[in-house]
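The file model.txt comes next; it holds compact mmCIF, C-alpha atoms.
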# COMPACT_ATOMS: atom_id res chain seq x y z
CA MET A 661 18.89 -16.82 -12.21
CA GLY A 662 21.35 -18.55 -14.55
CA ARG A 663 21.76 -15.37 -16.63
CA THR A 664 22.43 -13.34 -13.48
CA LEU A 665 25.09 -15.79 -12.28
CA ASP A 666 26.68 -15.77 -15.74
CA LEU A 667 26.82 -11.97 -15.57
CA LEU A 668 28.49 -11.98 -12.17
CA ARG A 669 31.02 -14.62 -13.25
CA HIS A 670 32.14 -12.93 -16.46
CA GLU A 671 31.72 -9.17 -15.98
CA ARG A 672 34.29 -8.03 -13.41
CA VAL A 673 33.41 -4.32 -13.48
CA ALA A 674 29.72 -5.11 -13.11
CA ARG A 675 30.46 -7.50 -10.24
CA VAL A 676 32.26 -4.77 -8.28
CA TYR A 677 29.63 -2.16 -9.16
CA TYR A 678 26.76 -4.32 -7.96
CA ALA A 679 28.56 -5.11 -4.71
CA VAL A 680 28.92 -1.36 -4.13
CA LEU A 681 25.28 -0.82 -5.09
CA ALA A 682 24.13 -3.53 -2.67
CA GLN A 683 25.76 -1.96 0.38
CA SER A 684 24.45 1.48 -0.55
CA ALA A 685 20.95 0.07 -1.07
CA LEU A 686 21.02 -1.54 2.38
CA GLY A 687 22.10 1.78 3.87
CA ASN A 688 19.31 3.59 2.05
CA GLY A 689 16.67 1.18 3.29
CA ALA A 690 17.91 1.49 6.86
CA ALA A 691 18.19 5.28 6.61
CA TYR A 692 14.54 5.52 5.56
CA VAL A 693 13.56 4.13 8.96
CA ALA A 694 16.13 6.33 10.71
CA LEU A 695 14.72 9.47 9.06
CA LEU A 696 11.23 8.59 10.29
CA VAL A 697 12.55 8.11 13.83
CA VAL A 698 14.61 11.31 13.70
CA ALA A 699 11.67 13.36 12.44
CA TYR A 700 9.35 11.99 15.12
CA GLU A 701 11.77 12.14 18.07
CA ARG A 702 13.23 15.57 17.34
CA PHE A 703 10.15 17.41 16.10
CA ASN A 704 7.21 15.27 17.31
CA SER A 705 5.04 16.19 14.35
CA ALA A 706 3.38 14.28 11.54
CA TRP A 707 3.96 17.31 9.32
CA ALA A 708 7.68 17.12 10.06
CA ILE A 709 7.73 13.49 8.96
CA SER A 710 5.81 14.31 5.77
CA LEU A 711 8.05 17.25 4.84
CA ILE A 712 11.28 15.36 5.44
CA LEU A 713 10.10 12.37 3.38
CA LEU A 714 8.69 14.63 0.66
CA ALA A 715 12.08 16.31 0.38
CA ASP A 716 13.38 13.12 -1.24
CA PHE A 717 10.95 13.60 -4.15
CA VAL A 718 11.15 17.36 -4.66
CA PRO A 719 14.53 17.55 -6.48
CA ALA A 720 13.45 14.96 -9.08
CA MET A 721 10.06 16.68 -9.42
CA LEU A 722 11.68 20.03 -10.20
CA PHE A 723 15.01 19.13 -11.78
CA GLY A 724 14.68 15.60 -13.25
CA PRO A 725 15.42 16.70 -16.85
CA ILE A 726 18.41 18.76 -15.65
CA PHE A 727 19.86 15.83 -13.71
CA GLY A 728 19.46 13.71 -16.83
CA ALA A 729 21.08 16.39 -19.00
CA ALA A 730 24.08 16.48 -16.64
CA ALA A 731 24.50 12.70 -16.99
CA ASP A 732 24.24 12.99 -20.79
CA ARG A 733 26.79 15.82 -20.86
CA TRP A 734 29.48 14.58 -18.50
CA SER A 735 30.89 11.23 -17.42
CA ARG A 736 28.11 9.17 -15.88
CA ARG A 737 30.59 7.60 -13.49
CA ASN A 738 31.58 11.07 -12.26
CA CYS A 739 27.91 11.96 -11.84
CA LEU A 740 27.49 8.84 -9.69
CA ILE A 741 30.51 9.82 -7.59
CA LEU A 742 29.09 13.33 -7.12
CA SER A 743 25.73 11.88 -6.09
CA ASP A 744 27.46 9.72 -3.48
CA VAL A 745 29.34 12.74 -2.12
CA LEU A 746 26.12 14.75 -1.85
CA ARG A 747 24.32 11.96 -0.01
CA CYS A 748 27.28 11.27 2.28
CA VAL A 749 27.38 14.94 3.33
CA ALA A 750 23.59 15.08 3.70
CA PHE A 751 23.27 12.07 5.99
CA LEU A 752 26.26 13.12 8.09
CA GLY A 753 24.62 16.52 8.49
CA ILE A 754 21.23 15.10 9.45
CA ALA A 755 22.92 12.97 12.12
CA VAL A 756 24.54 16.08 13.65
CA VAL A 757 22.08 18.98 13.33
CA ASP A 758 19.02 19.59 15.50
CA SER A 759 17.32 22.34 13.52
CA PHE A 760 14.17 21.41 11.59
CA ALA A 761 15.01 23.80 8.75
CA ALA A 762 18.54 22.39 8.44
CA THR A 763 17.18 18.84 8.46
CA VAL A 764 14.80 19.62 5.61
CA VAL A 765 17.57 21.33 3.61
CA LEU A 766 19.87 18.34 4.11
CA ALA A 767 17.07 15.95 3.15
CA LEU A 768 16.67 18.00 -0.05
CA LEU A 769 20.41 17.63 -0.65
CA ALA A 770 20.09 13.86 -0.25
CA GLY A 771 17.15 13.93 -2.66
CA ALA A 772 19.27 15.85 -5.17
CA GLY A 773 21.93 13.17 -4.90
CA THR A 774 19.32 10.49 -5.55
CA GLY A 775 17.83 12.55 -8.39
CA LEU A 776 21.23 12.63 -10.12
CA PHE A 777 22.08 9.03 -9.27
CA ASN A 778 19.01 7.39 -10.81
CA PRO A 779 19.29 8.60 -14.44
CA ALA A 780 23.09 8.42 -14.41
CA SER A 781 23.16 4.85 -13.11
CA LEU A 782 20.47 3.48 -15.41
CA ALA A 783 22.06 5.15 -18.44
CA ALA A 784 25.46 3.79 -17.38
CA VAL A 785 24.33 0.15 -17.00
CA PRO A 786 24.80 -0.64 -20.74
CA SER A 787 28.48 0.39 -20.42
CA LEU A 788 29.02 -2.14 -17.61
CA VAL A 789 28.34 -5.28 -19.64
CA LYS A 790 28.28 -6.78 -23.11
CA THR A 791 25.08 -6.11 -25.04
CA GLU A 792 23.76 -9.65 -24.66
CA ARG A 793 23.99 -9.34 -20.86
CA LEU A 794 22.13 -6.01 -20.63
CA PRO A 795 18.76 -7.56 -19.66
CA ALA A 796 20.37 -9.50 -16.80
CA ALA A 797 22.28 -6.38 -15.70
CA THR A 798 19.17 -4.20 -15.62
CA ALA A 799 17.17 -6.92 -13.86
CA LEU A 800 19.88 -7.32 -11.21
CA TYR A 801 20.06 -3.54 -10.72
CA GLY A 802 16.34 -3.45 -9.95
CA ALA A 803 16.46 -6.50 -7.70
CA ILE A 804 19.32 -5.10 -5.60
CA THR A 805 17.73 -1.69 -5.11
CA ASP A 806 14.37 -3.27 -4.27
CA LEU A 807 15.92 -5.77 -1.86
CA GLY A 808 17.65 -2.92 -0.07
CA PHE A 809 14.26 -1.52 0.92
CA ILE A 810 13.22 -4.91 2.30
CA VAL A 811 16.35 -5.90 4.23
CA GLY A 812 17.41 -2.33 5.10
CA PRO A 813 14.49 -1.61 7.46
CA ALA A 814 15.03 -4.94 9.22
CA LEU A 815 18.70 -4.02 9.63
CA ALA A 816 17.63 -0.64 11.01
CA ALA A 817 15.40 -2.31 13.58
CA LEU A 818 18.38 -4.38 14.76
CA LEU A 819 20.71 -1.38 14.94
CA LEU A 820 18.14 0.64 16.88
CA LEU A 821 18.41 -1.93 19.65
CA PHE A 822 22.03 -0.88 20.21
CA GLY A 823 21.91 2.85 19.46
CA GLY A 824 19.88 5.78 18.25
CA PRO A 825 18.96 6.62 14.66
CA GLU A 826 22.16 8.66 14.38
CA VAL A 827 24.14 5.40 14.28
CA ILE A 828 22.22 4.37 11.16
CA LEU A 829 22.69 7.76 9.52
CA TYR A 830 26.44 7.62 10.13
CA ALA A 831 26.52 4.09 8.70
CA ASN A 832 24.58 5.17 5.61
CA ALA A 833 26.95 8.08 5.06
CA ALA A 834 29.83 5.60 5.27
CA THR A 835 28.26 3.40 2.57
CA PHE A 836 28.13 6.37 0.20
CA ALA A 837 31.74 7.28 1.01
CA VAL A 838 32.86 3.72 0.26
CA SER A 839 30.78 3.69 -2.93
CA GLY A 840 32.27 6.96 -4.19
CA LEU A 841 35.83 5.82 -3.51
CA ILE A 842 35.41 2.50 -5.30
CA LEU A 843 33.66 4.07 -8.29
CA THR A 844 36.72 6.25 -8.92
CA ARG A 845 38.58 3.05 -9.84
CA LEU A 846 35.99 1.50 -12.15
CA PRO A 847 36.29 2.07 -15.94
CA PHE A 848 32.69 2.60 -17.08
CA GLY A 849 30.10 5.29 -17.75
CA ALA A 850 32.06 7.56 -20.08
CA ALA A 851 30.26 10.63 -21.39
CA PRO A 852 28.27 9.97 -24.60
CA THR A 853 30.19 10.80 -27.77
CA VAL A 854 29.48 14.06 -29.59
CA GLU A 855 29.44 14.16 -33.39
CA ASP A 856 31.44 17.40 -33.65
CA GLU A 857 33.84 17.75 -30.73
CA SER A 858 35.04 21.18 -31.95
CA ALA A 859 31.56 22.75 -31.99
CA PRO A 860 30.56 24.70 -28.86
CA ARG A 861 28.00 22.88 -26.74
CA PRO A 862 24.82 24.58 -25.57
CA GLY A 863 24.29 25.23 -21.88
CA LEU A 864 22.95 22.62 -19.51
CA LEU A 865 19.46 24.13 -19.34
CA ARG A 866 19.23 24.26 -23.12
CA GLU A 867 20.30 20.62 -23.36
CA ALA A 868 17.62 19.76 -20.81
CA ARG A 869 15.02 21.55 -22.95
CA GLU A 870 16.31 19.86 -26.10
CA GLY A 871 16.01 16.52 -24.32
CA LEU A 872 12.39 17.24 -23.47
CA SER A 873 11.68 18.02 -27.13
CA ILE A 874 13.38 14.82 -28.30
CA ILE A 875 11.52 12.68 -25.77
CA ALA A 876 8.21 14.33 -26.70
CA GLY A 877 8.88 13.25 -30.29
CA MET A 878 9.44 9.62 -29.32
CA VAL A 879 5.76 8.78 -29.14
CA TRP A 880 6.02 5.19 -27.97
CA VAL A 881 8.70 5.82 -25.35
CA ARG A 882 6.70 8.81 -24.15
CA THR A 883 3.61 6.63 -23.85
CA VAL A 884 5.47 4.04 -21.79
CA ILE A 885 6.75 6.74 -19.41
CA VAL A 886 3.30 8.32 -18.99
CA GLY A 887 1.65 4.92 -18.51
CA SER A 888 4.17 3.91 -15.88
CA ALA A 889 3.77 7.21 -14.03
CA ALA A 890 -0.02 6.90 -14.10
CA MET A 891 0.27 3.43 -12.62
CA LEU A 892 2.55 4.83 -9.89
CA LEU A 893 -0.19 7.30 -8.96
CA PHE A 894 -2.43 4.35 -8.06
CA ALA A 895 0.49 2.45 -6.49
CA GLY A 896 1.04 5.45 -4.23
CA LEU A 897 -2.60 5.27 -3.08
CA PHE A 898 -2.05 1.58 -2.39
CA ASN A 899 1.11 2.27 -0.38
CA VAL A 900 -0.65 4.76 1.90
CA ALA A 901 -3.61 2.40 2.39
CA GLU A 902 -1.43 -0.62 3.29
CA LEU A 903 -0.99 0.19 6.99
CA PRO A 904 -4.66 0.88 7.89
CA PHE A 905 -5.69 -2.08 5.74
CA ALA A 906 -3.40 -4.48 7.60
CA THR A 907 -3.98 -3.14 11.11
CA ASP A 908 -7.64 -2.11 11.00
CA GLU A 909 -9.34 -4.16 8.28
CA LEU A 910 -7.40 -7.41 8.72
CA ASP A 911 -6.61 -6.90 12.42
CA ALA A 912 -3.09 -8.18 11.71
CA GLY A 913 -1.27 -5.55 13.77
CA ASP A 914 2.09 -3.97 13.03
CA ALA A 915 3.68 -7.39 12.56
CA GLY A 916 1.11 -8.28 9.92
CA PHE A 917 1.75 -5.00 8.16
CA GLY A 918 5.47 -5.71 8.17
CA ALA A 919 4.89 -9.20 6.80
CA LEU A 920 2.65 -7.95 3.96
CA THR A 921 5.17 -5.24 3.09
CA ALA A 922 7.95 -7.82 2.93
CA ILE A 923 5.82 -10.10 0.73
CA TYR A 924 5.07 -7.19 -1.59
CA GLY A 925 8.79 -6.39 -1.73
CA LEU A 926 9.78 -9.98 -2.48
CA GLY A 927 7.25 -10.01 -5.31
CA PHE A 928 8.86 -6.82 -6.55
CA VAL A 929 12.30 -8.47 -6.56
CA GLY A 930 10.91 -11.47 -8.44
CA GLY A 931 9.36 -9.20 -11.04
CA SER A 932 12.66 -7.35 -11.48
CA LEU A 933 14.61 -10.58 -11.96
CA SER A 934 12.16 -11.70 -14.66
CA GLY A 935 13.69 -9.04 -16.90
CA SER A 936 16.88 -11.08 -17.30
CA ARG A 937 15.18 -12.94 -20.18
CA GLY A 938 15.32 -9.81 -22.32
CA GLY A 939 13.81 -9.85 -25.80
CA ASP A 940 13.21 -7.48 -28.70
CA PRO A 941 11.24 -4.26 -28.03
CA ALA A 942 7.92 -5.81 -29.07
CA VAL A 943 8.37 -8.57 -26.48
CA LEU A 944 9.51 -6.10 -23.82
CA LYS A 945 6.42 -3.99 -24.51
CA ARG A 946 4.05 -6.94 -24.09
CA ARG A 947 5.64 -7.88 -20.78
CA PHE A 948 5.43 -4.27 -19.61
CA LEU A 949 1.72 -4.27 -20.40
CA GLY A 950 1.33 -7.60 -18.61
CA GLY A 951 2.84 -6.03 -15.50
CA LEU A 952 0.21 -3.28 -15.56
CA ALA A 953 -2.53 -5.93 -15.62
CA LEU A 954 -0.94 -7.85 -12.73
CA VAL A 955 -0.80 -4.74 -10.58
CA GLY A 956 -4.45 -3.87 -11.24
CA ALA A 957 -5.60 -7.40 -10.46
CA GLY A 958 -3.47 -7.56 -7.31
CA PHE A 959 -4.82 -4.26 -5.93
CA ILE A 960 -8.44 -5.30 -6.52
CA VAL A 961 -7.97 -8.69 -4.86
CA CYS A 962 -6.35 -6.92 -1.89
CA GLY A 963 -9.40 -4.68 -1.59
CA ILE A 964 -11.80 -7.62 -1.36
CA ALA A 965 -9.57 -10.04 0.57
CA PRO A 966 -11.55 -11.26 3.61
CA SER A 967 -8.53 -12.33 5.65
CA PHE A 968 -4.80 -11.98 6.10
CA ALA A 969 -4.23 -15.33 4.37
CA ALA A 970 -6.19 -14.18 1.34
CA ALA A 971 -4.29 -10.88 1.21
CA VAL A 972 -0.86 -12.55 1.09
CA PRO A 973 -1.01 -13.80 -2.54
CA ALA A 974 -2.67 -10.52 -3.60
CA PHE A 975 0.24 -8.51 -2.18
CA ALA A 976 2.72 -10.86 -3.85
CA LEU A 977 0.90 -10.49 -7.19
CA ALA A 978 0.84 -6.69 -6.96
CA GLY A 979 4.53 -6.59 -6.05
CA LEU A 980 5.40 -8.94 -8.90
CA GLY A 981 3.53 -6.72 -11.35
CA ASN A 982 5.31 -3.61 -10.10
CA GLY A 983 8.70 -5.24 -10.55
CA VAL A 984 7.75 -6.38 -14.05
CA ILE A 985 6.64 -2.86 -15.02
CA LEU A 986 9.84 -1.23 -13.79
CA VAL A 987 12.32 -3.63 -15.33
CA TYR A 988 10.68 -3.73 -18.75
CA GLU A 989 10.18 0.03 -18.81
CA ARG A 990 13.91 0.42 -18.14
CA LEU A 991 14.85 -2.13 -20.78
CA LEU A 992 12.60 -0.46 -23.36
CA ILE A 993 14.34 2.86 -22.76
CA GLN A 994 17.82 1.31 -22.79
CA THR A 995 17.22 -0.56 -26.06
CA THR A 996 15.22 1.99 -28.05
CA VAL A 997 16.65 5.39 -27.02
CA ASP A 998 19.94 6.75 -28.30
CA ASP A 999 22.73 6.87 -25.72
CA SER A 1000 23.10 10.64 -26.17
CA VAL A 1001 19.66 11.28 -24.60
CA MET A 1002 19.24 8.17 -22.46
CA ALA A 1003 19.94 9.81 -19.09
CA ARG A 1004 17.59 12.68 -19.96
CA THR A 1005 14.91 10.12 -20.76
CA PHE A 1006 15.38 8.49 -17.36
CA GLY A 1007 15.46 11.95 -15.73
CA VAL A 1008 12.11 12.84 -17.28
CA ARG A 1009 10.76 9.46 -16.23
CA ASP A 1010 11.88 10.09 -12.64
CA GLY A 1011 10.24 13.51 -12.68
CA PHE A 1012 6.90 12.08 -13.80
CA SER A 1013 7.14 9.33 -11.19
CA ALA A 1014 7.93 11.79 -8.39
CA TRP A 1015 4.94 13.97 -9.28
CA ALA A 1016 2.71 10.89 -9.38
CA PHE A 1017 3.82 9.71 -5.94
CA ALA A 1018 3.49 13.19 -4.45
CA ALA A 1019 -0.06 13.53 -5.81
CA ALA A 1020 -0.97 10.11 -4.41
CA PHE A 1021 0.44 10.88 -0.98
CA LEU A 1022 -1.44 14.18 -0.84
CA ALA A 1023 -4.74 12.68 -1.99
CA ALA A 1024 -4.68 9.32 -0.22
CA GLY A 1025 -5.57 10.51 3.28
CA GLY A 1026 -8.67 12.36 2.15
CA LEU A 1027 -9.81 9.51 -0.07
CA ILE A 1028 -9.42 6.96 2.74
CA GLU A 1029 -11.33 9.21 5.12
CA ALA A 1030 -14.13 9.73 2.58
CA PHE A 1031 -14.51 6.23 1.11
CA GLY A 1032 -12.70 3.77 3.38
CA VAL A 1033 -9.53 1.73 2.92
CA ARG A 1034 -11.00 -1.16 0.93
CA THR A 1035 -12.73 1.15 -1.53
CA VAL A 1036 -9.47 3.02 -2.13
CA LEU A 1037 -7.65 -0.26 -2.78
CA VAL A 1038 -10.27 -1.33 -5.29
CA LEU A 1039 -10.23 2.12 -6.93
CA ALA A 1040 -6.43 1.86 -7.20
CA GLY A 1041 -6.81 -1.50 -8.92
CA VAL A 1042 -9.50 -0.25 -11.30
CA GLY A 1043 -7.36 2.79 -12.09
CA ALA A 1044 -4.37 0.57 -12.87
CA LEU A 1045 -6.50 -1.57 -15.18
CA VAL A 1046 -7.69 1.57 -16.97
CA VAL A 1047 -4.05 2.53 -17.47
CA TRP A 1048 -3.39 -0.98 -18.80
CA ALA A 1049 -6.30 -0.74 -21.26
CA LEU A 1050 -5.34 2.70 -22.54
CA SER A 1051 -1.68 1.71 -22.83
CA ASN A 1052 -2.67 -1.38 -24.82
CA ILE A 1053 -4.54 0.82 -27.28
CA ALA A 1054 -1.78 3.44 -27.53
CA LEU A 1055 1.01 0.86 -27.94
CA ARG A 1056 -0.78 -1.72 -30.09
CA HIS A 1057 1.51 -1.08 -33.10
CA ALA A 1058 4.60 -0.04 -31.15
CA TRP A 1059 7.84 -1.75 -32.17
CA GLU A 1060 5.97 -4.59 -33.86
CA ALA A 1061 7.31 -4.06 -37.38
CA ARG A 1062 10.99 -3.27 -36.82
CA PRO A 1063 13.93 -4.96 -35.06
CA ALA A 1064 15.60 -3.27 -32.09
CA THR A 1065 18.58 -2.07 -34.15
CA GLU A 1066 16.31 0.20 -36.19
CA VAL A 1067 14.74 2.08 -33.28
CA ARG A 1068 17.70 3.47 -31.41
CA THR A 1069 16.91 7.16 -31.86
CA ALA A 1070 13.19 7.57 -32.40
CA ASP A 1071 9.87 5.85 -32.70
Any chance you could put this one into structure tokens?
Amino acid sequence: MGRTLDLLRHERVARVYYAVLAQSALGNGAAYVALLVVAYERFNSAWAISLILLADFVPAMLFGPIFGAAADRWSRRNCLILSDVLRCVAFLGIAVVDSFAATVVLALLAGAGTGLFNPASLAAVPSLVKTERLPAATALYGAITDLGFIVGPALAALLLLFGGPEVILYANAATFAVSGLILTRLPFGAAPTVEDESAPRPGLLREAREGLSIIAGMVWVRTVIVGSAAMLLFAGLFNVAELPFATDELDAGDAGFGALTAIYGLGFVGGSLSGSRGGDPAVLKRRFLGGLALVGAGFIVCGIAPSFAAAVPAFALAGLGNGVILVYERLLIQTTVDDSVMARTFGVRDGFSAWAFAAAFLAAGGLIEAFGVRTVLVLAGVGALVVWALSNIALRHAWEARPATEVRTAD
């Protein structure tokens, strides 16, 4: 916490940026609930809910490397502003239209904004702060975005007492408008430098393909991305199983489900903040691997927990592990990948993650029906531990022999 406070005291641009990020994150968390309500009230269909929520993943699934290439080609700050404009327009539109097709298209537009925002923002974080404060900056970034999805739904529940979901959608659009306006005044996130400014640059699609080739050649970074995405496949199974586990297996009702979700989220925030310690790549790698083990253990304990009280620490442990994985994966990319391909690396990472979540959401229902909730939770934990074991083997020599300054461009 001391490193985070030091960052906020001494880095003015970062302080303003994180304040903007916090209000947008709250709006996003609230809008998630509003989208569920809109989909159910307007279209009264589980398929409508699924399609509208899936629309948030599809742009990153299909265009993650292209979003990253855009943020490596142009000013990352301008990419963030564009992403805010897209999401502002999308949520205003969803609040106004009644058509199912238009709602899905606008949800895709919002997903495109998010798909551009994620790689651009994570690649821009190093330009916000001095190098020694990068771990605290990345940790705070994760904590704020995670906290938004804990507090945001509670805020949505309060707002729904005084108005319909459209009020929340308007408010979320306003947060993106405010964010875009303030970002225009912040000096950060310049486009990466090019060795020969006079040489013609290849097209965006070619740069995206070149980025894929470069990332494929960075064996250790590639392994971290694949390992994290594989873990997210099992985390997605866990997420789908949470509600029937809490309400049916533990008989804790909707309130119990909400409490367990909040505990999981708070563990997530704690895991994110642990990244403020930083370290050289070898240390970051070991902590990343430790997060995989925590997640696997937490999922298994959830699956065998006999009561709500026993499930509470298991959910906290799983959330903590997830936060640890994310923050140290981000730090590994930020400290070992060259700035010229950093956004593309995060774009590829987002694409892998989106495919993993989509696969989990599609498979989870059938698995729960076939094997039961507790078995799926245990299987998710065993799968995460398998990912941990394989990642340990694949990364056993990674970054152990060289300091961080020698691994900026390749493994």
Each residue of range 740-828 of chain A lying at most 12 Å from range 913-925 of chain A should get a row with its shortest atom-to-atom pair and the distance in Å to one decimal, counting all atoms listed in the file; could you produce that, ordered by chain and increasing number, as JSON lines?
{"residue": "A:Gly802", "atom": "CA", "partner": "A:Gly925", "partner_atom": "CA", "distance": 11.5}
{"residue": "A:Ala803", "atom": "CA", "partner": "A:Gly925", "partner_atom": "CA", "distance": 9.7}
{"residue": "A:Ile804", "atom": "CA", "partner": "A:Gly925", "partner_atom": "CA", "distance": 11.3}
{"residue": "A:Thr805", "atom": "CA", "partner": "A:Gly925", "partner_atom": "CA", "distance": 10.7}
{"residue": "A:Asp806", "atom": "CA", "partner": "A:Gly925", "partner_atom": "CA", "distance": 6.9}
{"residue": "A:Leu807", "atom": "CA", "partner": "A:Gly925", "partner_atom": "CA", "distance": 7.2}
{"residue": "A:Gly808", "atom": "CA", "partner": "A:Gly925", "partner_atom": "CA", "distance": 9.7}
{"residue": "A:Phe809", "atom": "CA", "partner": "A:Gly925", "partner_atom": "CA", "distance": 7.8}
{"residue": "A:Ile810", "atom": "CA", "partner": "A:Ala922", "partner_atom": "CA", "distance": 6.1}
{"residue": "A:Val811", "atom": "CA", "partner": "A:Ala922", "partner_atom": "CA", "distance": 8.7}
{"residue": "A:Gly812", "atom": "CA", "partner": "A:Ala922", "partner_atom": "CA", "distance": 11.2}
{"residue": "A:Pro813", "atom": "CA", "partner": "A:Gly918", "partner_atom": "CA", "distance": 9.9}
{"residue": "A:Ala814", "atom": "CA", "partner": "A:Gly918", "partner_atom": "CA", "distance": 9.6}
{"residue": "A:Ala817", "atom": "CA", "partner": "A:Gly918", "partner_atom": "CA", "distance": 11.8}
Contact residues around range 1015-1018 of chain A with only C-alpha atoms at 7 Å, ignoring same-chain residues under 2 positions, as a ChimeraX atom specification
/A:721,889-890,892-893,896,1011-1013,1020-1022
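Take CA of Ala780 in chain A and CA of Arg737 in chain A: the distance between them is 7.6 Å.
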Excluding same-chain residues fewer than 6 positions from range 943-946 of chain A, what lies within 10 Å of it counting all atoms listed in the file, as a PyMOL selection string?
chain A and resi 880+884+935+937+984-985+987-992+995+1052+1055-1056+1058-1060
Quick one: pull the distance between CA of Asn982 in chain A and CA of Leu818 in chain A, Å, one decimal.
28.1 Å
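Taking only C-alpha atoms into account, Val1038 in chain A lies nearest to A:Ile964 out of the set A:Leu841, A:Ile709, A:Ile964, A:Leu681.
For the set A:Arg747, A:Arg736, A:Arg947, A:His1057, the residue with the smallest atom-to-atom gap to Ala691 in chain A is A:Arg747, counting all atoms listed in the file.
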To one decimal in Å, tell me the separation between CA of Ile885 in chain A and CA of Met1002 in chain A.
12.9 Å
For Ala767 in chain A, find every residue with an atom within 9 Å (counting all atoms listed in the file), except residues of its own chain fewer than 3 positions away, and show them as a short mmCIF file (atom, residue, chain, number, x, y, z; two decimals) with C-alpha atoms, in the frame of the given file.
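And here is the file that came out, selection16.cif:
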data_model
loop_
_atom_site.label_atom_id
_atom_site.label_comp_id
_atom_site.auth_asym_id
_atom_site.auth_seq_id
_atom_site.Cartn_x
_atom_site.Cartn_y
_atom_site.Cartn_z
CA ILE A 712 11.28 15.36 5.44
CA LEU A 713 10.10 12.37 3.38
CA LEU A 714 8.69 14.63 0.66
CA ALA A 715 12.08 16.31 0.38
CA ASP A 716 13.38 13.12 -1.24
CA ARG A 747 24.32 11.96 -0.01
CA ALA A 750 23.59 15.08 3.70
CA PHE A 751 23.27 12.07 5.99
CA ILE A 754 21.23 15.10 9.45
CA ALA A 762 18.54 22.39 8.44
CA THR A 763 17.18 18.84 8.46
CA VAL A 764 14.80 19.62 5.61
CA ALA A 770 20.09 13.86 -0.25
CA GLY A 771 17.15 13.93 -2.66
CA ALA A 772 19.27 15.85 -5.17
#
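If you count only C-alpha atoms and ignore residues fewer than 2 places along the chain from Val1008 in chain A, what sits within 6 Å of it is Gly724, Pro725, Thr1005, Phe1006, Asp1010 and Gly1011 of chain A.
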For range 820-822 of chain A, find every residue with an atom within 12 Å (counting only C-alpha atoms), except residues of its own chain fewer than 3 positions away, and show them as a PyMOL selection string.
chain A and resi 690-691+693-694+697-698+813-817+825-829
Nearest to Phe836 in chain A, chosen from A:Gly773, A:Gly927, A:Pro941, A:Gly728, with all atoms listed in the file counted in the distances
A:Gly773
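Considering only C-alpha atoms, the residue among A:Val757, A:Leu843, A:Val676, A:Leu954 positioned nearest to Gly979 in chain A is A:Leu954.
Residue nearest Gly824 in chain A, chosen from A:Ala682, A:Leu910, A:Leu695, A:Val879 and counting only C-alpha atoms: A:Leu695.
With all atoms listed in the file as the atoms that count, the residue of A:Pro904, A:Val765, A:Gly963, A:Gly1041 with the shortest distance to Val718 in chain A is A:Val765.
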